[in-house]
file work-v6.tsv (TSV, C-alpha atoms)
chain	number	residue	atom	x	y	z
N	28	MET	CA	55.80	40.89	16.68
N	29	SER	CA	54.38	44.33	16.15
N	30	ILE	CA	55.51	46.77	13.52
N	31	GLU	CA	55.26	50.56	13.62
N	32	THR	CA	53.06	51.85	10.84
N	33	SER	CA	55.12	55.01	10.44
N	34	GLY	CA	57.68	55.29	7.65
N	35	LEU	CA	59.18	52.04	6.40
N	36	GLY	CA	56.99	49.93	8.68
N	37	ALA	CA	53.89	50.45	6.55
N	38	LEU	CA	55.82	49.32	3.49
N	39	ILE	CA	56.98	46.16	5.25
N	40	ILE	CA	53.42	45.37	6.28
N	41	VAL	CA	52.11	45.83	2.74
N	42	LEU	CA	54.91	43.67	1.32
N	43	ALA	CA	54.19	40.94	3.87
N	44	MET	CA	50.50	40.98	2.93
N	45	ALA	CA	51.41	40.87	-0.76
N	46	LEU	CA	53.73	37.88	-0.25
N	47	VAL	CA	51.15	35.90	1.71
N	48	THR	CA	48.50	36.63	-0.92
N	49	LEU	CA	50.87	35.68	-3.72
N	50	ALA	CA	51.54	32.38	-1.98
N	51	THR	CA	47.79	31.67	-2.00
N	52	ARG	CA	47.52	32.55	-5.70
N	53	TRP	CA	50.44	30.31	-6.64
N	54	GLY	CA	50.09	27.56	-4.05
N	55	GLY	CA	47.05	25.90	-5.59
N	56	ILE	CA	48.55	25.36	-9.02
N	57	TYR	CA	51.91	24.46	-7.52
N	58	VAL	CA	50.41	21.67	-5.43
N	59	MET	CA	48.26	20.49	-8.32
N	60	SER	CA	51.32	20.02	-10.51
N	61	PHE	CA	52.11	17.00	-8.30
N	62	VAL	CA	48.59	15.57	-8.32
N	63	PRO	CA	47.63	13.35	-11.23
N	64	ILE	CA	44.25	14.58	-12.48
N	65	SER	CA	42.16	11.45	-12.30
N	66	TYR	CA	38.43	11.38	-12.95
N	67	ARG	CA	37.79	11.51	-9.20
N	68	VAL	CA	40.09	14.50	-8.75
N	69	LYS	CA	38.27	16.24	-11.58
N	70	GLN	CA	34.93	15.63	-9.92
N	71	PHE	CA	36.28	16.93	-6.63
N	72	ILE	CA	37.60	20.09	-8.27
N	73	GLN	CA	34.42	20.71	-10.20
N	74	ALA	CA	32.25	20.32	-7.11
N	75	MET	CA	34.63	22.47	-5.08
N	76	SER	CA	34.49	25.38	-7.50
N	77	GLY	CA	30.79	26.06	-6.88
N	78	SER	CA	31.18	25.24	-3.20
N	79	VAL	CA	33.73	28.01	-2.66
N	80	LEU	CA	31.07	30.52	-3.65
N	81	VAL	CA	28.35	28.93	-1.55
N	82	ALA	CA	30.68	28.79	1.45
N	83	ILE	CA	31.32	32.53	1.20
N	84	ILE	CA	27.69	33.50	0.70
N	85	VAL	CA	25.80	31.35	3.21
N	86	PRO	CA	27.30	32.83	6.40
N	87	MET	CA	26.86	36.26	4.83
N	88	ALA	CA	23.15	35.60	4.44
N	89	VAL	CA	22.66	33.90	7.81
N	90	ASN	CA	24.54	36.49	9.84
N	91	GLY	CA	23.76	39.55	7.76
N	92	ASP	CA	21.20	42.26	8.46
N	93	SER	CA	17.90	42.31	6.59
N	94	GLY	CA	19.51	44.59	3.99
N	95	ALA	CA	22.11	41.93	3.20
N	96	ARG	CA	19.57	39.10	3.11
N	97	LEU	CA	17.12	40.90	0.87
N	98	ALA	CA	19.97	42.02	-1.38
N	99	LEU	CA	20.99	38.40	-1.92
N	100	LEU	CA	17.37	37.40	-2.48
N	101	ALA	CA	16.93	40.17	-5.07
N	102	THR	CA	20.12	39.09	-6.83
N	103	ALA	CA	19.02	35.45	-6.96
N	104	VAL	CA	15.54	36.28	-8.28
N	105	THR	CA	16.82	38.73	-10.90
N	106	MET	CA	19.44	36.26	-12.00
N	107	LEU	CA	16.86	33.49	-12.40
N	108	LEU	CA	14.62	35.79	-14.44
N	109	LEU	CA	17.15	37.62	-16.61
N	110	LYS	CA	20.17	35.27	-16.45
N	111	LYS	CA	22.51	38.28	-16.56
N	112	PRO	CA	24.88	39.05	-13.67
N	113	LEU	CA	25.01	42.83	-14.04
N	114	PRO	CA	21.29	43.58	-13.53
N	115	ALA	CA	21.26	40.96	-10.77
N	116	ILE	CA	24.07	42.68	-8.85
N	117	THR	CA	22.55	46.12	-9.42
N	118	ALA	CA	19.22	44.90	-8.06
N	119	GLY	CA	20.91	43.43	-5.00
N	120	ILE	CA	22.83	46.59	-4.14
N	121	ALA	CA	19.80	48.79	-4.77
N	122	VAL	CA	17.71	46.65	-2.42
N	123	ALA	CA	20.40	46.74	0.29
N	124	ALA	CA	20.60	50.53	-0.01
N	125	LEU	CA	16.81	50.92	0.06
N	126	VAL	CA	16.26	48.62	3.03
N	127	ARG	CA	18.98	50.39	5.00
N	128	GLN	CA	17.42	53.78	4.36
N	129	LEU	CA	14.19	52.65	6.02
L	26	MET	CA	23.06	20.53	-18.02
L	27	LYS	CA	22.67	20.09	-21.73
L	28	ASP	CA	25.74	18.59	-23.23
L	29	GLN	CA	26.37	20.65	-26.30
L	30	PRO	CA	28.28	18.62	-28.81
L	31	LEU	CA	31.44	20.48	-29.69
L	32	ALA	CA	30.96	21.60	-33.27
L	33	SER	CA	34.58	22.19	-34.07
L	34	HIS	CA	37.84	22.35	-32.22
L	35	ALA	CA	38.48	25.90	-33.40
L	36	PHE	CA	38.44	27.04	-29.79
L	37	GLU	CA	40.40	25.01	-27.32
L	38	PRO	CA	39.19	25.97	-23.82
L	39	HIS	CA	42.77	26.47	-22.66
L	40	GLN	CA	43.71	28.82	-25.50
L	41	LEU	CA	45.32	32.10	-24.54
L	42	THR	CA	45.84	34.67	-27.29
L	43	PRO	CA	46.10	38.48	-27.12
L	44	ALA	CA	42.67	38.70	-28.76
L	45	LEU	CA	41.15	36.50	-26.05
L	46	VAL	CA	42.87	38.55	-23.34
L	47	TRP	CA	41.49	41.78	-24.78
L	48	SER	CA	38.04	40.26	-25.11
L	49	GLY	CA	38.28	39.14	-21.47
L	50	PHE	CA	39.28	42.66	-20.45
L	51	LYS	CA	36.20	44.07	-22.20
L	52	GLN	CA	33.98	41.35	-20.80
L	53	LEU	CA	34.89	42.22	-17.21
L	54	THR	CA	34.88	46.00	-17.67
L	55	PRO	CA	31.15	46.55	-16.93
L	56	LEU	CA	31.49	44.52	-13.75
L	57	SER	CA	34.59	46.51	-12.88
L	58	MET	CA	32.37	49.54	-12.29
L	59	PHE	CA	31.25	47.77	-9.13
L	60	VAL	CA	34.87	47.10	-8.31
L	61	VAL	CA	35.51	50.84	-8.54
L	62	VAL	CA	32.76	51.42	-5.98
L	63	PHE	CA	34.22	48.74	-3.73
L	64	GLY	CA	37.65	50.34	-4.21
L	65	VAL	CA	36.28	53.75	-3.26
L	66	ALA	CA	34.97	52.22	-0.05
L	67	PHE	CA	38.41	50.78	0.65
L	68	GLY	CA	40.29	54.00	-0.16
L	69	LEU	CA	37.94	55.93	2.07
L	70	ALA	CA	38.15	53.47	4.96
L	71	ALA	CA	41.95	53.37	4.64
L	72	ALA	CA	42.21	57.15	4.74
L	73	GLN	CA	39.95	57.24	7.80
L	74	GLU	CA	42.13	54.60	9.44
L	75	GLY	CA	45.17	56.85	8.95
L	76	LEU	CA	46.95	55.03	6.13
L	77	ASN	CA	49.17	57.09	3.86
L	78	ASP	CA	47.83	57.65	0.38
L	79	SER	CA	50.79	55.80	-1.10
L	80	THR	CA	50.41	52.91	1.37
L	81	SER	CA	46.77	52.41	0.41
L	82	LEU	CA	47.52	52.53	-3.30
L	83	LEU	CA	50.48	50.20	-2.96
L	84	MET	CA	48.38	47.77	-0.96
L	85	SER	CA	45.66	47.72	-3.62
L	86	ALA	CA	48.23	47.27	-6.38
L	87	LEU	CA	50.29	44.54	-4.72
L	88	VAL	CA	47.78	42.66	-2.58
L	89	PHE	CA	44.73	43.05	-4.87
L	90	ALA	CA	42.37	41.17	-2.57
L	91	GLY	CA	39.62	43.38	-1.17
L	92	ALA	CA	38.36	41.36	1.78
L	93	SER	CA	41.83	40.86	3.22
L	94	GLN	CA	42.67	44.53	2.74
L	95	PHE	CA	39.60	45.53	4.74
L	96	ALA	CA	40.67	43.04	7.41
L	97	ALA	CA	44.09	44.70	7.53
L	98	LEU	CA	42.39	48.00	8.28
L	99	GLU	CA	40.72	46.39	11.27
L	100	LEU	CA	44.15	45.59	12.69
L	101	TRP	CA	45.69	48.92	11.73
L	102	GLY	CA	46.89	51.34	14.39
L	103	GLY	CA	50.12	52.94	15.57
L	104	GLN	CA	51.48	49.41	15.56
L	105	VAL	CA	50.30	46.36	13.64
L	106	PRO	CA	50.72	42.78	14.90
L	107	LEU	CA	52.52	41.38	11.86
L	108	PHE	CA	51.96	37.66	12.39
L	109	THR	CA	48.31	38.07	13.29
L	110	LEU	CA	47.89	40.12	10.17
L	111	MET	CA	49.68	37.57	7.99
L	112	ILE	CA	47.61	34.70	9.36
L	113	THR	CA	44.41	36.69	8.85
L	114	VAL	CA	45.36	37.56	5.28
L	115	PHE	CA	46.25	33.93	4.60
L	116	ALA	CA	42.98	32.62	6.00
L	117	ILE	CA	40.88	35.08	4.02
L	118	ASN	CA	42.82	34.56	0.80
L	119	ALA	CA	43.23	30.80	1.13
L	120	ARG	CA	40.33	30.47	-1.30
L	121	HIS	CA	42.87	31.41	-4.00
L	122	LEU	CA	44.51	28.05	-3.33
L	123	LEU	CA	41.26	26.36	-4.27
L	124	MET	CA	40.80	28.60	-7.28
L	125	GLY	CA	44.27	27.72	-8.51
L	126	ALA	CA	43.49	24.04	-8.05
L	127	THR	CA	40.20	24.32	-9.94
L	128	LEU	CA	41.93	26.18	-12.80
L	129	TYR	CA	44.79	23.72	-13.02
L	130	PRO	CA	43.22	21.34	-15.57
L	131	TRP	CA	43.33	24.25	-18.07
L	132	LEU	CA	46.38	26.12	-16.80
L	133	CYS	CA	48.51	22.98	-17.04
L	134	HIS	CA	48.51	23.41	-20.82
L	135	LEU	CA	50.51	26.63	-20.44
L	136	PRO	CA	54.24	26.68	-19.80
L	137	PRO	CA	54.90	27.13	-16.04
L	138	ARG	CA	56.07	30.73	-16.29
L	139	LYS	CA	52.86	31.80	-18.05
L	140	ARG	CA	50.80	29.73	-15.64
L	141	TYR	CA	52.16	31.60	-12.63
L	142	ALA	CA	51.98	34.96	-14.44
L	143	VAL	CA	48.26	34.50	-15.17
L	144	MET	CA	47.60	33.61	-11.52
L	145	LEU	CA	48.99	36.99	-10.41
L	146	VAL	CA	45.65	38.59	-11.25
L	147	ALA	CA	43.37	35.70	-10.27
L	148	SER	CA	40.51	36.91	-8.10
L	149	ASP	CA	36.90	35.97	-7.39
L	150	ALA	CA	35.17	37.60	-10.34
L	151	ASN	CA	37.46	36.65	-13.21
L	152	TRP	CA	37.93	33.16	-11.79
L	153	ALA	CA	34.17	32.61	-11.59
L	154	MET	CA	33.63	33.91	-15.12
L	155	ALA	CA	36.49	31.80	-16.46
L	156	MET	CA	35.10	28.67	-14.81
L	157	GLN	CA	31.72	29.43	-16.32
L	158	ALA	CA	33.31	29.71	-19.76
L	159	PHE	CA	35.12	26.39	-19.24
L	160	SER	CA	31.88	24.70	-18.23
L	161	HIS	CA	30.49	25.71	-21.63
L	162	ARG	CA	33.68	24.42	-23.24
L	163	GLN	CA	34.69	27.93	-24.24
L	164	PRO	CA	38.11	29.52	-23.81
L	165	GLY	CA	38.42	30.93	-20.29
L	166	LEU	CA	42.05	31.81	-19.78
L	167	GLY	CA	41.61	35.09	-21.70
L	168	ILE	CA	38.84	36.00	-19.27
L	169	LEU	CA	41.08	35.06	-16.36
L	170	LEU	CA	44.02	37.18	-17.50
L	171	GLY	CA	42.29	40.01	-19.39
L	172	GLY	CA	39.46	40.22	-16.90
L	173	GLY	CA	41.96	40.11	-14.05
L	174	LEU	CA	43.85	43.04	-15.53
L	175	ALA	CA	40.57	44.97	-15.83
L	176	LEU	CA	39.63	44.24	-12.22
L	177	TRP	CA	43.13	45.11	-11.04
L	178	SER	CA	43.21	48.49	-12.86
L	179	PHE	CA	39.75	49.47	-11.69
L	180	TRP	CA	40.51	48.34	-8.14
L	181	ILE	CA	43.48	50.71	-8.05
L	182	LEU	CA	41.45	53.48	-9.70
L	183	GLY	CA	38.67	53.01	-7.13
L	184	THR	CA	41.14	53.09	-4.25
L	185	TRP	CA	42.60	56.33	-5.60
L	186	LEU	CA	39.16	57.89	-5.99
L	187	GLY	CA	38.27	56.81	-2.48
L	188	ILE	CA	41.37	58.41	-0.99
L	189	TYR	CA	40.79	61.76	-2.65
L	190	PHE	CA	37.04	62.02	-3.09
L	191	GLY	CA	35.70	59.34	-0.74
L	192	SER	CA	34.86	61.81	1.99
L	193	ALA	CA	31.83	62.76	-0.09
L	194	ILE	CA	30.36	59.39	0.95
L	195	SER	CA	29.53	59.37	4.61
L	196	ASP	CA	28.49	55.75	5.02
L	197	PRO	CA	29.27	53.26	2.20
L	198	LYS	CA	27.31	50.51	3.93
L	199	ALA	CA	24.12	52.58	3.72
L	200	LEU	CA	24.56	52.51	-0.06
L	201	GLY	CA	24.88	48.72	-0.10
L	202	VAL	CA	28.52	48.80	-1.20
L	203	ASP	CA	29.45	45.96	1.16
L	204	MET	CA	27.12	43.67	-0.80
L	205	VAL	CA	28.92	44.03	-4.16
L	206	MET	CA	31.01	40.89	-3.80
L	207	GLY	CA	28.28	38.76	-2.22
L	208	CYS	CA	25.76	39.65	-4.91
L	209	PHE	CA	28.25	39.00	-7.67
L	210	LEU	CA	29.26	35.60	-6.32
L	211	LEU	CA	25.63	34.63	-5.81
L	212	SER	CA	24.81	35.57	-9.40
L	213	MET	CA	27.59	33.20	-10.48
L	214	VAL	CA	26.14	30.36	-8.39
L	215	VAL	CA	22.61	30.94	-9.67
L	216	GLY	CA	23.83	31.30	-13.26
L	217	GLY	CA	25.73	28.01	-13.10
L	218	GLU	CA	24.69	24.40	-13.47
L	219	LYS	CA	21.50	23.63	-11.52
L	220	ASN	CA	20.39	20.09	-10.80
L	221	LEU	CA	19.77	17.78	-7.89
L	222	ARG	CA	23.43	16.78	-7.64
L	223	MET	CA	24.62	20.40	-7.55
L	224	PHE	CA	21.94	21.22	-4.99
L	225	PHE	CA	23.20	18.38	-2.81
L	226	ILE	CA	26.78	19.64	-3.15
L	227	TRP	CA	25.81	23.22	-2.33
L	228	SER	CA	23.80	22.14	0.71
L	229	ILE	CA	26.77	20.24	2.11
L	230	ALA	CA	29.07	23.18	1.34
L	231	GLY	CA	26.72	25.71	2.92
L	232	LEU	CA	26.16	23.58	6.00
L	233	ALA	CA	29.87	22.89	6.52
L	234	SER	CA	30.65	26.56	6.03
L	235	LEU	CA	28.10	27.57	8.69
L	236	VAL	CA	29.33	24.98	11.18
L	237	ALA	CA	32.90	26.20	10.63
L	238	TYR	CA	31.77	29.80	10.91
L	239	TRP	CA	30.22	29.14	14.30
L	240	PHE	CA	32.61	26.62	15.83
L	241	LEU	CA	35.99	26.75	14.07
L	242	PRO	CA	38.61	29.52	14.10
L	243	GLU	CA	37.75	32.76	12.31
L	244	ASN	CA	37.93	32.78	8.50
L	245	SER	CA	38.11	28.99	8.20
L	246	HIS	CA	34.56	28.67	6.87
L	247	VAL	CA	35.33	29.13	3.16
L	248	ILE	CA	37.91	26.36	3.11
L	249	ALA	CA	35.77	24.05	5.23
L	250	GLY	CA	32.71	24.58	3.05
L	251	ALA	CA	34.59	24.23	-0.22
L	252	LEU	CA	36.36	21.03	0.81
L	253	ALA	CA	33.12	19.51	2.14
L	254	GLY	CA	31.40	20.40	-1.13
L	255	GLY	CA	34.26	18.87	-3.11
L	256	ILE	CA	34.02	15.63	-1.14
L	257	ALA	CA	30.24	15.63	-1.63
L	258	GLY	CA	30.89	15.88	-5.36
L	259	THR	CA	32.96	12.71	-5.36
L	260	VAL	CA	30.44	10.86	-3.17
L	261	TRP	CA	27.58	11.66	-5.53
L	262	GLY	CA	29.61	11.14	-8.65
L	263	LYS	CA	28.52	12.45	-12.01
L	264	GLN	CA	28.07	9.71	-14.58
L	265	ASN	CA	29.99	10.03	-17.76
L	266	ASP	CA	31.12	13.64	-17.68
L	267	GLU	CA	33.31	13.33	-20.75
L	268	HIS	CA	31.61	11.85	-23.74
call {"tool": "encode", "arguments": {"input": "work-v6.tsv", "output": "structure tokens"}}
result
Amino acid sequence: MSIETSGLGALIIVLAMALVTLATRWGGIYVMSFVPISYRVKQFIQAMSGSVLVAIIVPMAVNGDSGARLALLATAVTMLLLKKPLPAITAGIAVAALVRQL
Amino acid sequence: MKDQPLASHAFEPHQLTPALVWSGFKQLTPLSMFVVVFGVAFGLAAAQEGLNDSTSLLMSALVFAGASQFAALELWGGQVPLFTLMITVFAINARHLLMGATLYPWLCHLPPRKRYAVMLVASDANWAMAMQAFSHRQPGLGILLGGGLALWSFWILGTWLGIYFGSAISDPKALGVDMVMGCFLLSMVVGGEKNLRMFFIWSIAGLASLVAYWFLPENSHVIAGALAGGIAGTVWGKQNDEH
């Protein structure tokens, strides 16, 4: 089903996107309210929380251009040295911008 | 990780007070500057794609999920395939399901209505910061809600700036703007717990994510990697987490 983006159509599309996104924000805690939080479940959740991040980043690094890869490297190194996210992110973006100017 | 003995129970990790919300808002404000930049990139791209100003702003306010909004632009045209769009948005944002699940051990102390209200503004950055606070046994729900409100406001502000002034930037990618989220998330991983067990979990997660990225349907890699990492965490169990 396709929807015209003129007039009301755009509004319907945005509302549909908002509803789907809301379902993802609420779905996790809704489902968990039926799951007894055993020790094993806790371990699963704790391991999953770091894994979400890794799962987003790894394909980004593997499939990215050299700007993206060096940006991530710069972020990791700065973070290890300074242990502060803000300088680490700044370093990463600066490196991506620099490499892409070359 | 060093297990710091909890000196007093003055701070329950699941506490949520106006003061904690405000402190969370302030804590996420510096990071929100990057969100503004990311928002500018979105506002600009949306304007170039032919979206109305009000449509772009409404999308940022109601959807509040950058990656999926960019994906919507890819599908935008005179007509938009609604179901394809909804499935794409779901797949990209399905990580919120996992975030909700990981927050549940703390959110379950709130009454349901508050629980769901707080989740309205859950996104990558405030979730990651909240989880980090919880791992140090500090209150994190203020960061989740207050920080989420900061991110949300600056995301809308950025979108607005992008619509009206974005044309001053010719190519956001050349400025590294597309790396904002990746660099932030990586800094959270690197700043977190580091030991052999975590390294094992991350390797499994990264590997599963790549395999899914290459061989499974589009946008399934985050879920696949996260679930694989979660399973890895139960296989290599941590001894005596609670003392």
call {"tool": "residues_around", "arguments": {"input": "work-v6.tsv", "residues": "Ala121 in chain N", "least_positions_apart": "2", "cutoff": "8 Å", "atoms": "all atoms listed in the file", "output": "PDB file with C-alpha atoms, keeping the file's coordinate frame"}}
result
ATOM      1  CA  ALA N  98      19.970  42.020  -1.380  1.00  0.00           C
ATOM      2  CA  THR N 117      22.550  46.120  -9.420  1.00  0.00           C
ATOM      3  CA  ALA N 118      19.220  44.900  -8.060  1.00  0.00           C
ATOM      4  CA  GLY N 119      20.910  43.430  -5.000  1.00  0.00           C
ATOM      5  CA  ALA N 123      20.400  46.740   0.290  1.00  0.00           C
ATOM      6  CA  ALA N 124      20.600  50.530  -0.010  1.00  0.00           C
ATOM      7  CA  LEU N 125      16.810  50.920   0.060  1.00  0.00           C
TER       8      LEU N 125
ATOM      9  CA  LEU L 200      24.560  52.510  -0.060  1.00  0.00           C
ATOM     10  CA  GLY L 201      24.880  48.720  -0.100  1.00  0.00           C
TER      11      GLY L 201
END
call {"tool": "residues_around", "arguments": {"input": "work-v6.tsv", "residues": "Ala199 in chain L", "least_positions_apart": "4", "cutoff": "10 Å", "atoms": "all atoms listed in the file", "output": "list in words"}}
result
Gly94, Ile120, Ala123, Ala124, Leu125, Val126, Arg127 and Gln128 of chain N; Ile194, Ser195 and Asp203 of chain L
call {"tool": "atom_distance", "arguments": {"input": "work-v6.tsv", "atom1": "CA of Leu49 in chain N", "atom2": "CA of Lys198 in chain L"}}
result
28.9 Å
call {"tool": "residues_around", "arguments": {"input": "work-v6.tsv", "residues": "range 41-45 of chain L", "least_positions_apart": "6", "cutoff": "8 Å", "atoms": "only C-alpha atoms", "output": "ChimeraX atom specification"}}
result
/L:164,166-168,171
call {"tool": "interface_residues", "arguments": {"input": "work-v6.tsv", "of": "chain N", "to": "chain L", "cutoff": "7 Å", "atoms": "only C-alpha atoms", "output": "ChimeraX atom specification"}}
result
/N:28-32,37-38,40-41,43-45,47-48,51-56,59,67,70-86,95,99,102-103,106-107,110,112-113,115-116,119-121,123-124,127-128
call {"tool": "atom_distance", "arguments": {"input": "work-v6.tsv", "atom1": "CA of Leu182 in chain L", "atom2": "CA of Phe67 in chain L"}}
result
11.1 Å
call {"tool": "closest_residue", "arguments": {"input": "work-v6.tsv", "among": "L:His39, L:Ala175, L:Leu53, L:Ser48", "to": "Pro136 in chain L", "atoms": "all atoms listed in the file"}}
result
L:His39
call {"tool": "axis_aligned_box", "arguments": {"input": "work-v6.tsv", "around": "range 101-116 of chain N", "padding_each_side": "3 Å", "output": "JSON"}}
result
{"center_x": 19.8, "center_y": 38.5, "center_z": -10.8, "size_x": 16.4, "size_y": 16.1, "size_z": 17.5}
call {"tool": "atom_distance", "arguments": {"input": "work-v6.tsv", "atom1": "CA of Gly172 in chain L", "atom2": "CA of Gly49 in chain L"}}
result
4.8 Å
call {"tool": "closest_residue", "arguments": {"input": "work-v6.tsv", "among": "L:Ala193, L:Ala150, L:Leu176, L:Ile188", "to": "Met58 in chain L", "atoms": "only C-alpha atoms"}}
result
L:Leu176
